[in-house]
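Enquirer: Before we start, here is the structure in question, set down as structure tokens.
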Amino acid sequence: MAATSKVIITCAVTGAIHTPTLSAALPCTPEQIATQAIEAARAGAAIIHLHARNPQDGSPTGDPEVFAQFLPAIHHQTDAVINLTTGGSPDMTPEQRLAAALRFKPEMCSLNMGSMNFSFHGMGAKVAQWRFPWEKRYIEDSEGFIFRNTFKDVRRVYELMSDHGTRYEHECYDIGHLYNLAYFLDRGLARPPLFVQSVLGILGGIGADPDNVVFMRRTADRLFGKDYVWSVLAAGRHQMPIISQAAMLGGNVRVGLEDSLFIGRGQLATSNAQQVLKIREILTQLGFEIATPDEARVLLALKGRSAVAI
Ligand code: KMH
Ligand code: ZN
């Protein structure tokens, strides 16, 4: 494990899993995404992880023209590290998933470390009326979704994005994904310090169980030694307890409405910043300090905010 003196908070602002009916706070338009991202950065998030949505109906899109409607505001009004998704959404091709990262050459992009089932079909069970026609089917269809991230797909992202000096949030949804990352480390495509994002609680991935957080940590220690910086996210109601545990184990944390719509038991969050402030308070009370964006840049060996094409 690379020594982490301060905790890096990542905020994943909107994602591609939740849909507008599930929470009025979910940012969907470029203005909403920009506003919530800026608030999250001001609240203490050093890294902002971003997806885009169609302004008309909130459906996920990989169109760089939509990203172009919110990235400049975030880039100019904060000094946060901008991290663009390459996971996209279930209905995007590998090319669509990569298009925005290729155009804007961010300091970071996500890189999903293995193919898997990725299902959230139970999420709409309590919804009586949907705001937009696409939502119900999108959620139901995820029962049959295979999240494609073959070795060839992953290699391609490394080869294309490393040319731009972009570094990676390695999304590891199960123990095997850590071994996949070790394979790319051995071949020189992944370069230390690795940023490893352990993802717990996705249906199809490892469960959000405290034992599994420790299992992830020990396995990453064994595979990567001092060559990695560890972060954890957990889906839904597991978010705050699991990431608090991760911090106690020397990890960094990710919050945001991409991962959970909640701020407490049965209580919807009103914004991304609210979740950032909550974990910040928990960490501060536990005696941790929060990393600034520039401190995160040093810890993760990023190229710097002036080297992006936003
Ligand atoms: N939705 C998260 C569980 C990506 O954007 O590449 C993982 C994620 C994937 O953030
Ligand atoms: Zn994402």
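If you're wondering about the labels, chains in the structure tokens are A, B, ... by order shown, residues count from 1 in each chain, ligands from 1 in order shown.
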Can you tell me which residues come within 7 Å of ligand 1 when counting only C-alpha atoms and all ligand atoms, ideally as a compact mmCIF listing (two decimals) with N, CA and C atoms, in the first residue's frame?
Expert:
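The resulting file, selection_28.txt, is reproduced below:
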# COMPACT_ATOMS: atom_id res chain seq x y z
N GLY A 15 -23.65 8.98 -12.78
CA GLY A 15 -23.61 7.59 -13.23
C GLY A 15 -24.60 7.29 -14.33
N ALA A 16 -24.88 5.97 -14.45
CA ALA A 16 -25.78 5.53 -15.52
C ALA A 16 -26.72 4.44 -15.03
N ILE A 17 -26.80 4.28 -13.74
CA ILE A 17 -27.62 3.19 -13.20
C ILE A 17 -28.95 3.74 -12.70
N HIS A 51 -20.32 10.96 -15.66
CA HIS A 51 -21.04 10.42 -16.82
C HIS A 51 -21.88 11.58 -17.36
N THR A 85 -15.89 8.60 -17.05
CA THR A 85 -16.22 7.18 -17.16
C THR A 85 -15.73 6.63 -18.50
N THR A 86 -15.29 5.36 -18.47
CA THR A 86 -15.23 4.59 -19.73
C THR A 86 -16.14 3.36 -19.60
N GLY A 87 -16.88 3.31 -18.49
CA GLY A 87 -17.84 2.22 -18.31
C GLY A 87 -19.16 2.54 -19.01
N GLY A 88 -19.45 3.82 -19.12
CA GLY A 88 -20.66 4.25 -19.83
C GLY A 88 -21.92 3.67 -19.23
N SER A 110 -12.17 6.08 -15.64
CA SER A 110 -12.40 4.78 -15.02
C SER A 110 -11.95 3.68 -15.98
N LEU A 111 -11.61 2.53 -15.40
CA LEU A 111 -11.25 1.37 -16.22
C LEU A 111 -11.77 0.14 -15.47
N ASN A 112 -12.75 -0.50 -16.07
CA ASN A 112 -13.44 -1.61 -15.41
C ASN A 112 -12.70 -2.91 -15.71
N GLU A 171 -11.64 -0.02 -11.56
CA GLU A 171 -12.86 -0.48 -10.86
C GLU A 171 -12.80 -2.00 -10.74
N VAL A 199 -15.18 -2.11 -5.55
CA VAL A 199 -16.62 -1.84 -5.67
C VAL A 199 -17.36 -2.98 -5.00
N ILE A 202 -22.57 -4.54 -5.85
CA ILE A 202 -23.27 -4.62 -7.14
C ILE A 202 -23.76 -6.05 -7.31
N GLU A 258 -24.27 8.42 -8.07
CA GLU A 258 -24.06 7.26 -8.94
C GLU A 258 -24.12 5.97 -8.13
N ASP A 259 -23.59 6.02 -6.92
CA ASP A 259 -23.45 4.79 -6.13
C ASP A 259 -24.61 4.58 -5.16
Enquirer: Using DSSP on the backbone, list every residue of region 14-109 of chain A that comes out as alpha helix (DSSP H), and give them as a PyMOL selection string.
Expert: chain A and resi 30-43+64-67+71-77+94-104
Enquirer: Save the residues we just selected, C-alpha atoms, as a PDB file, in the first residue's frame?
Expert:
ATOM      1  CA  PRO A  30     -25.675  19.633 -18.048  1.00  0.00           C
ATOM      2  CA  GLU A  31     -26.485  22.540 -15.709  1.00  0.00           C
ATOM      3  CA  GLN A  32     -27.512  20.209 -12.910  1.00  0.00           C
ATOM      4  CA  ILE A  33     -24.429  18.028 -13.378  1.00  0.00           C
ATOM      5  CA  ALA A  34     -22.130  21.064 -13.374  1.00  0.00           C
ATOM      6  CA  THR A  35     -23.792  22.637 -10.333  1.00  0.00           C
ATOM      7  CA  GLN A  36     -23.728  19.456  -8.259  1.00  0.00           C
ATOM      8  CA  ALA A  37     -20.154  18.621  -9.286  1.00  0.00           C
ATOM      9  CA  ILE A  38     -18.969  22.111  -8.307  1.00  0.00           C
ATOM     10  CA  GLU A  39     -20.795  21.903  -4.967  1.00  0.00           C
ATOM     11  CA  ALA A  40     -19.298  18.453  -4.322  1.00  0.00           C
ATOM     12  CA  ALA A  41     -15.799  19.753  -5.022  1.00  0.00           C
ATOM     13  CA  ARG A  42     -16.364  22.727  -2.714  1.00  0.00           C
ATOM     14  CA  ALA A  43     -17.589  20.317  -0.042  1.00  0.00           C
ATOM     15  CA  PRO A  64     -18.877  14.125 -26.142  1.00  0.00           C
ATOM     16  CA  GLU A  65     -21.040  17.088 -27.196  1.00  0.00           C
ATOM     17  CA  VAL A  66     -23.127  16.603 -24.051  1.00  0.00           C
ATOM     18  CA  PHE A  67     -20.011  16.289 -21.869  1.00  0.00           C
ATOM     19  CA  LEU A  71     -17.033  19.936 -18.300  1.00  0.00           C
ATOM     20  CA  PRO A  72     -15.712  23.483 -18.844  1.00  0.00           C
ATOM     21  CA  ALA A  73     -17.749  24.893 -15.940  1.00  0.00           C
ATOM     22  CA  ILE A  74     -16.444  22.204 -13.577  1.00  0.00           C
ATOM     23  CA  HIS A  75     -12.888  22.590 -14.841  1.00  0.00           C
ATOM     24  CA  HIS A  76     -12.854  26.382 -14.524  1.00  0.00           C
ATOM     25  CA  GLN A  77     -14.792  26.772 -11.289  1.00  0.00           C
ATOM     26  CA  PRO A  94     -16.993   0.119 -26.413  1.00  0.00           C
ATOM     27  CA  GLU A  95     -16.402   3.028 -28.845  1.00  0.00           C
ATOM     28  CA  GLN A  96     -19.225   5.107 -27.357  1.00  0.00           C
ATOM     29  CA  ARG A  97     -17.887   4.407 -23.867  1.00  0.00           C
ATOM     30  CA  LEU A  98     -14.459   5.767 -24.770  1.00  0.00           C
ATOM     31  CA  ALA A  99     -15.397   8.748 -26.931  1.00  0.00           C
ATOM     32  CA  ALA A 100     -15.523  11.440 -24.239  1.00  0.00           C
ATOM     33  CA  ALA A 101     -12.297  10.335 -22.547  1.00  0.00           C
ATOM     34  CA  LEU A 102     -10.494  10.328 -25.900  1.00  0.00           C
ATOM     35  CA  ARG A 103     -11.690  13.831 -26.706  1.00  0.00           C
ATOM     36  CA  PHE A 104     -11.145  15.549 -23.351  1.00  0.00           C
TER      37      PHE A 104
END
Enquirer: Applying 10 Å and only C-alpha atoms, which residues near Met248 (chain A) remain after dropping the ones on its own chain fewer than 3 positions away? List them as a PyMOL selection string.
Expert: chain A and resi 242-245+251-252+283+286+288
Enquirer: Could you save those same residues with N, CA and C atoms as a tab-separated table (two decimals), in the first residue's frame?
Expert:
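Saved as out37.tsv:
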chain	number	residue	atom	x	y	z
A	242	ILE	N	-19.62	0.95	4.73
A	242	ILE	CA	-18.50	0.21	4.13
A	242	ILE	C	-17.32	1.13	3.85
A	243	ILE	N	-17.58	2.34	3.36
A	243	ILE	CA	-16.45	3.22	3.07
A	243	ILE	C	-15.81	3.74	4.36
A	244	SER	N	-16.61	3.85	5.43
A	244	SER	CA	-16.02	4.22	6.72
A	244	SER	C	-15.07	3.12	7.20
A	245	GLN	N	-15.49	1.88	7.02
A	245	GLN	CA	-14.62	0.75	7.36
A	245	GLN	C	-13.34	0.81	6.53
A	251	GLY	N	-7.87	3.15	3.63
A	251	GLY	CA	-8.37	3.39	2.28
A	251	GLY	C	-8.88	4.81	2.07
A	252	ASN	N	-9.10	5.11	0.80
A	252	ASN	CA	-9.77	6.33	0.39
A	252	ASN	C	-11.22	5.97	0.09
A	283	LEU	N	-15.11	11.17	8.68
A	283	LEU	CA	-13.65	11.00	8.62
A	283	LEU	C	-12.96	11.96	9.59
A	286	LEU	N	-13.22	10.90	13.06
A	286	LEU	CA	-12.34	9.75	13.33
A	286	LEU	C	-10.86	10.15	13.35
A	288	PHE	N	-9.17	11.68	10.72
A	288	PHE	CA	-8.51	11.73	9.40
A	288	PHE	C	-8.51	13.14	8.86
Enquirer: Compare A:Ala269, A:Ala46, A:Leu203, A:Leu189 by their minimum atom-to-atom distance to Phe145 (chain A), counting only C-alpha atoms, and give me the closest one.
Expert: A:Leu203
Enquirer: For Pro20 (chain A), which residue among A:Arg265, A:Arg254, A:Arg53, A:Arg297 is the nearest when counting only C-alpha atoms?
Expert: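 With only C-alpha atoms as the atom set, the closest residue is A:Arg53.
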Enquirer: For a quick check of understanding, using only C-alpha atoms and all ligand atoms, which of A:Thr10, A:Ser23, A:Gln267, A:Asn117 has the smallest distance to ligand 2?
Expert: A:Thr10
Enquirer: Show which residues sit within 7 Å of Asn149 (chain A), as number ranges by chain. Count only C-alpha atoms, and ignore same-chain residues fewer than 4 positions away.
Expert: A: 112-115, 153-154
Enquirer: Closest to Leu181 (chain A) among A:Arg148, A:Ile47, A:Thr166, A:Leu223, using only C-alpha atoms?
Expert: A:Leu223
Enquirer: If we count only C-alpha atoms and set the cut-off at 10 Å, which residues sit around Asp174 (chain A), ignoring sequence neighbours fewer than 4 positions away in its own chain? Please answer as a PyMOL selection string.
Expert: chain A and resi 113-114+116+178-179+198-202+204-207+212+216
Enquirer: Nearest to Thr21 (chain A) among A:Met240, A:Val196, A:Ile82, A:Leu261, with distances taken over only C-alpha atoms: which residue is it?
Expert: A:Leu261
Enquirer: Which residues are close to Ile8 (chain A), i.e. within 12 Å by only C-alpha atoms, leaving aside same-chain residues fewer than 5 positions away? Reply as an MDAnalysis selection string.
Expert: chainID A and resid 41 44:48 80:81 195 197 229:232 243 246:247 250:255 276 279:280 283 288:300
Enquirer: Step one, run DSSP on the backbone; step two, keep only residues of region 44-193 of chain A assigned to strand (DSSP E); then write them as a list in words.
Expert: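 Going through region 44-193 of chain A, the strand (DSSP E) residues come out as Ile47, Ile48, His49, Leu50, Ala52, Arg53, Pro60, Thr61, Val81, Ile82, Asn83, Leu84, Met108, Cys109, Ser110, Leu111, Asn112, Met116, Asn117, Ile146, Phe147, Arg167, Tyr168, Glu169, His170, Glu171 and Cys172 of chain A.
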Enquirer: Give me a file of those residues, with N, CA and C atoms, as an mmCIF file, in the first residue's frame.
Expert:
data_model
loop_
_atom_site.group_PDB
_atom_site.id
_atom_site.type_symbol
_atom_site.label_atom_id
_atom_site.label_comp_id
_atom_site.auth_asym_id
_atom_site.auth_seq_id
_atom_site.Cartn_x
_atom_site.Cartn_y
_atom_site.Cartn_z
ATOM 1 N N ILE A 47 -11.724 14.418 -6.284
ATOM 2 C CA ILE A 47 -11.908 13.821 -7.617
ATOM 3 C C ILE A 47 -13.399 13.785 -7.921
ATOM 4 N N ILE A 48 -13.743 14.210 -9.141
ATOM 5 C CA ILE A 48 -15.133 14.169 -9.584
ATOM 6 C C ILE A 48 -15.230 13.185 -10.749
ATOM 7 N N HIS A 49 -15.996 12.102 -10.535
ATOM 8 C CA HIS A 49 -16.184 11.059 -11.559
ATOM 9 C C HIS A 49 -17.482 11.368 -12.307
ATOM 10 N N LEU A 50 -17.395 11.418 -13.644
ATOM 11 C CA LEU A 50 -18.529 11.948 -14.409
ATOM 12 C C LEU A 50 -19.012 11.045 -15.541
ATOM 13 N N ALA A 52 -22.491 11.350 -18.552
ATOM 14 C CA ALA A 52 -23.410 12.364 -19.102
ATOM 15 C C ALA A 52 -24.788 11.742 -19.307
ATOM 16 N N ARG A 53 -25.779 12.615 -19.323
ATOM 17 C CA ARG A 53 -27.160 12.187 -19.582
ATOM 18 C C ARG A 53 -27.803 13.106 -20.613
ATOM 19 N N PRO A 60 -28.820 7.870 -20.088
ATOM 20 C CA PRO A 60 -27.361 7.983 -20.214
ATOM 21 C C PRO A 60 -26.929 8.181 -21.668
ATOM 22 N N THR A 61 -25.876 8.970 -21.853
ATOM 23 C CA THR A 61 -25.294 9.158 -23.183
ATOM 24 C C THR A 61 -23.777 9.235 -23.052
ATOM 25 N N VAL A 81 -9.881 17.109 -9.592
ATOM 26 C CA VAL A 81 -9.444 16.194 -10.650
ATOM 27 C C VAL A 81 -10.691 15.697 -11.388
ATOM 28 N N ILE A 82 -10.706 15.850 -12.692
ATOM 29 C CA ILE A 82 -11.841 15.361 -13.474
ATOM 30 C C ILE A 82 -11.531 13.947 -13.962
ATOM 31 N N ASN A 83 -12.471 13.051 -13.680
ATOM 32 C CA ASN A 83 -12.335 11.620 -13.954
ATOM 33 C C ASN A 83 -13.551 11.225 -14.800
ATOM 34 N N LEU A 84 -13.319 10.860 -16.048
ATOM 35 C CA LEU A 84 -14.444 10.509 -16.924
ATOM 36 C C LEU A 84 -14.644 9.003 -16.987
ATOM 37 N N MET A 108 -7.901 11.642 -15.203
ATOM 38 C CA MET A 108 -8.243 10.251 -14.874
ATOM 39 C C MET A 108 -9.437 9.789 -15.685
ATOM 40 N N CYS A 109 -9.501 8.479 -15.914
ATOM 41 C CA CYS A 109 -10.735 7.869 -16.403
ATOM 42 C C CYS A 109 -10.923 6.551 -15.673
ATOM 43 N N SER A 110 -12.168 6.080 -15.644
ATOM 44 C CA SER A 110 -12.395 4.777 -15.022
ATOM 45 C C SER A 110 -11.951 3.683 -15.977
ATOM 46 N N LEU A 111 -11.610 2.529 -15.404
ATOM 47 C CA LEU A 111 -11.252 1.367 -16.220
ATOM 48 C C LEU A 111 -11.769 0.140 -15.468
ATOM 49 N N ASN A 112 -12.754 -0.497 -16.070
ATOM 50 C CA ASN A 112 -13.444 -1.613 -15.413
ATOM 51 C C ASN A 112 -12.699 -2.906 -15.713
ATOM 52 N N MET A 116 -18.697 -9.079 -16.399
ATOM 53 C CA MET A 116 -19.504 -9.586 -15.282
ATOM 54 C C MET A 116 -20.991 -9.363 -15.562
ATOM 55 N N ASN A 117 -21.824 -10.123 -14.842
ATOM 56 C CA ASN A 117 -23.225 -9.718 -14.772
ATOM 57 C C ASN A 117 -23.284 -8.418 -13.972
ATOM 58 N N ILE A 146 -24.770 -8.148 -19.528
ATOM 59 C CA ILE A 146 -23.383 -8.562 -19.277
ATOM 60 C C ILE A 146 -22.516 -7.337 -19.507
ATOM 61 N N PHE A 147 -21.837 -6.894 -18.464
ATOM 62 C CA PHE A 147 -20.954 -5.717 -18.536
ATOM 63 C C PHE A 147 -19.645 -6.200 -19.152
ATOM 64 N N ARG A 167 -4.564 8.744 -16.322
ATOM 65 C CA ARG A 167 -4.388 7.601 -15.426
ATOM 66 C C ARG A 167 -5.760 7.078 -14.977
ATOM 67 N N TYR A 168 -5.766 5.968 -14.253
ATOM 68 C CA TYR A 168 -6.977 5.157 -14.163
ATOM 69 C C TYR A 168 -7.515 4.985 -12.753
ATOM 70 N N GLU A 169 -8.845 5.044 -12.679
ATOM 71 C CA GLU A 169 -9.563 4.561 -11.497
ATOM 72 C C GLU A 169 -9.917 3.111 -11.850
ATOM 73 N N HIS A 170 -9.137 2.156 -11.327
ATOM 74 C CA HIS A 170 -9.350 0.742 -11.685
ATOM 75 C C HIS A 170 -10.518 0.193 -10.883
ATOM 76 N N GLU A 171 -11.643 -0.021 -11.559
ATOM 77 C CA GLU A 171 -12.856 -0.475 -10.863
ATOM 78 C C GLU A 171 -12.799 -2.001 -10.739
ATOM 79 N N CYS A 172 -12.702 -2.468 -9.488
ATOM 80 C CA CYS A 172 -12.567 -3.906 -9.218
ATOM 81 C C CYS A 172 -13.781 -4.375 -8.438
#
Enquirer: Would you please work out which residue, of A:Gly304, A:Ile139, A:Gln239, A:Asp227, is nearest to Gln275 (chain A) when using only C-alpha atoms?
Expert: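 Counting only C-alpha atoms, the residue closest to Gln275 (chain A) is A:Gln239.
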